[in-house]
Structure formats: structure tokens, C-alpha cells
Amino acid sequence: MKIRDISDSALDAVGYDSLFRRLTSAAKAGAFAVVGNHEAFMERNGSNPVQWMQKNGMAVLNDETVCTPLACITGRTDFQMARARDIPRKNLEEMLPADTSLPWILLDHQPRGIEKDYSGALPDLALSGHTHNGQFFPGTAIIHLVWEHAYGPGKLDGIPWLVSSGLGSWGPPVRIGSDTEFWIIRFQAESD
């Protein structure tokens, strides 16, 4: 079954609700999420993906920054979601963390990089998805021509940027040459 574009009740029926509740309850510093372009499709089909994520323990960030005792996390509104809702995306400058002594993590569904006119402080790490790492041939062969940084660890606009191939799919529910993956990232403080 494809994870994209399905109803909240279908996600619950296959156990994603209990899986995410277990994962988010284990996250000591919190579990944070952003919506992507497929959540717009889900909304058009009558689902409420933001409410589903919140119900399962995730703080959904929508062009906002929150600071925990360990880090500040900025969640961008997805480029296509903003277009579907006919709302502007905030400039990164509007979401700078109040506490600059903490690590700054950026969540942006699409690995588009930072606005060209932005000249402020840069996040310490950025996390994205969206590309599915091409998902299947010929996409897997050309994805790196379409996106400057399409998959895995790398740098984009001078920022360490991780791009996941994600859980779901678009179009046909097929993956060839691209793995389905769910990342759990554990951060460890440096010893003084």
C-alpha cells in the first residue's frame, strides 16, 4: 500500500498510528514534523494529516521555530503546500531562533536550499525528503540532474543537509533502485 495520499483511517488500519506514538513517546526532546506536498492531496480527499500527526505525538511546525533545551527547530511550510493553500512561505529570516547558543535544525520537505536573497545565520543542519531518491528507473538515473542535492548526506547552500528517500511513493507504488527508509536521528552532546 502507498503511504501517500491515503486517509488517516487507512494509516491507522495498517498500524502507523501506534508505530508513530511509540517513536514519538521515546523522543526525549520532542518529535517535530512538517507537511509535504502529498499532505495537500490528503486534505483534498477529506483527511486531516496535521491533526493525525499531532494525535500521534508530533509537533507540526508551519513556518515557525521552536526552541527546546537542546536545540532550536525550524519547520518550513512546503513550497507546493503553500501554493495549494495560496499562502506565502515566510522568509527564513523571519524564523531565526531566539536562542543563538543552541544548535539550529531546519526541516523543509523539499531540498530547495535557502532563499537566494537570504544573508543571515545558517542552520547547523537541514533535513528534507520529497525526492524519493528517484523511486524507480529512469527517475533513479536522473534525480541528481533535477535536484542539486537529491539524496543522503551532503551540503546545500553551505549547510549540512540530509535528504531521505522516505516511506511512501508517488505514482505507481513501486521502488526500484531506491529504498524505503525511516530515519531516527539521535544527537549526542559533545563532551567539554
# chains A, B, ... in the order shown; residues from 1 in each chain; ligands from 1

$ select_by_dssp --residues "segment 62-190 of chain A" --states "alpha helix (DSSP H)" --output "ChimeraX atom specification"
/A:79-85,139-146

$ select_by_dssp --residues "chain A" --states "strand (DSSP E)" --output "PyMOL selection string"
chain A and resi 32-33+59-60+64-67+72-75+104-107+125-128+152-156+159-163

$ atom_distance --atom1 "atom CA of Gln54 of chain A" --atom2 "atom CA of Asp124 of chain A"
25.8 Å

$ residues_around --residues "segment 69-84 of chain A" --least-positions-apart "6" --cutoff "6 Å" --atoms "only C-alpha atoms" --output "list in words"
Val34, Gly36, Asn37, Ala40, Leu61, Asn62, Asp63, Leu102, Pro103, Trp104, Ile105, Leu106, Leu107, Asp108 and His109 of chain A

$ write_last_selection --atoms "C-alpha atoms" --output "short mmCIF file (atom, residue, chain, number, x, y, z; two decimals), in the first residue's frame"
data_model
loop_
_atom_site.label_atom_id
_atom_site.label_comp_id
_atom_site.auth_asym_id
_atom_site.auth_seq_id
_atom_site.Cartn_x
_atom_site.Cartn_y
_atom_site.Cartn_z
CA VAL A 34 6.44 19.40 8.66
CA GLY A 36 4.86 17.97 2.44
CA ASN A 37 3.19 18.23 -0.92
CA ALA A 40 -2.20 18.74 0.28
CA LEU A 61 5.83 23.23 12.53
CA ASN A 62 4.36 25.52 9.91
CA ASP A 63 6.82 28.31 9.07
CA LEU A 102 21.66 26.29 20.67
CA PRO A 103 22.09 24.13 17.55
CA TRP A 104 19.63 25.12 14.82
CA ILE A 105 17.91 22.40 12.78
CA LEU A 106 15.86 23.19 9.68
CA LEU A 107 13.03 20.90 8.48
CA ASP A 108 11.99 21.62 4.89
CA HIS A 109 10.16 18.91 2.95
#

$ residues_around --residues "Ser164 of chain A" --least-positions-apart "3" --cutoff "10 Å" --atoms "only C-alpha atoms" --output "VMD selection string"
chain A and resid 109 111 127 to 133 150 to 153 161 167 179 to 183

$ atom_distance --atom1 "atom CA of Arg85 of chain A" --atom2 "atom CA of His149 of chain A"
26.4 Å

$ residues_around --residues "Ile6 of chain A" --least-positions-apart "4" --cutoff "10 Å" --atoms "only C-alpha atoms" --output "JSON, numbers by chain"
{"A": [1, 2, 10, 11, 38, 39, 41, 42, 43, 45, 46, 47, 49]}

$ atom_distance --atom1 "atom CA of Asp86 of chain A" --atom2 "atom CA of Val66 of chain A"
24.4 Å
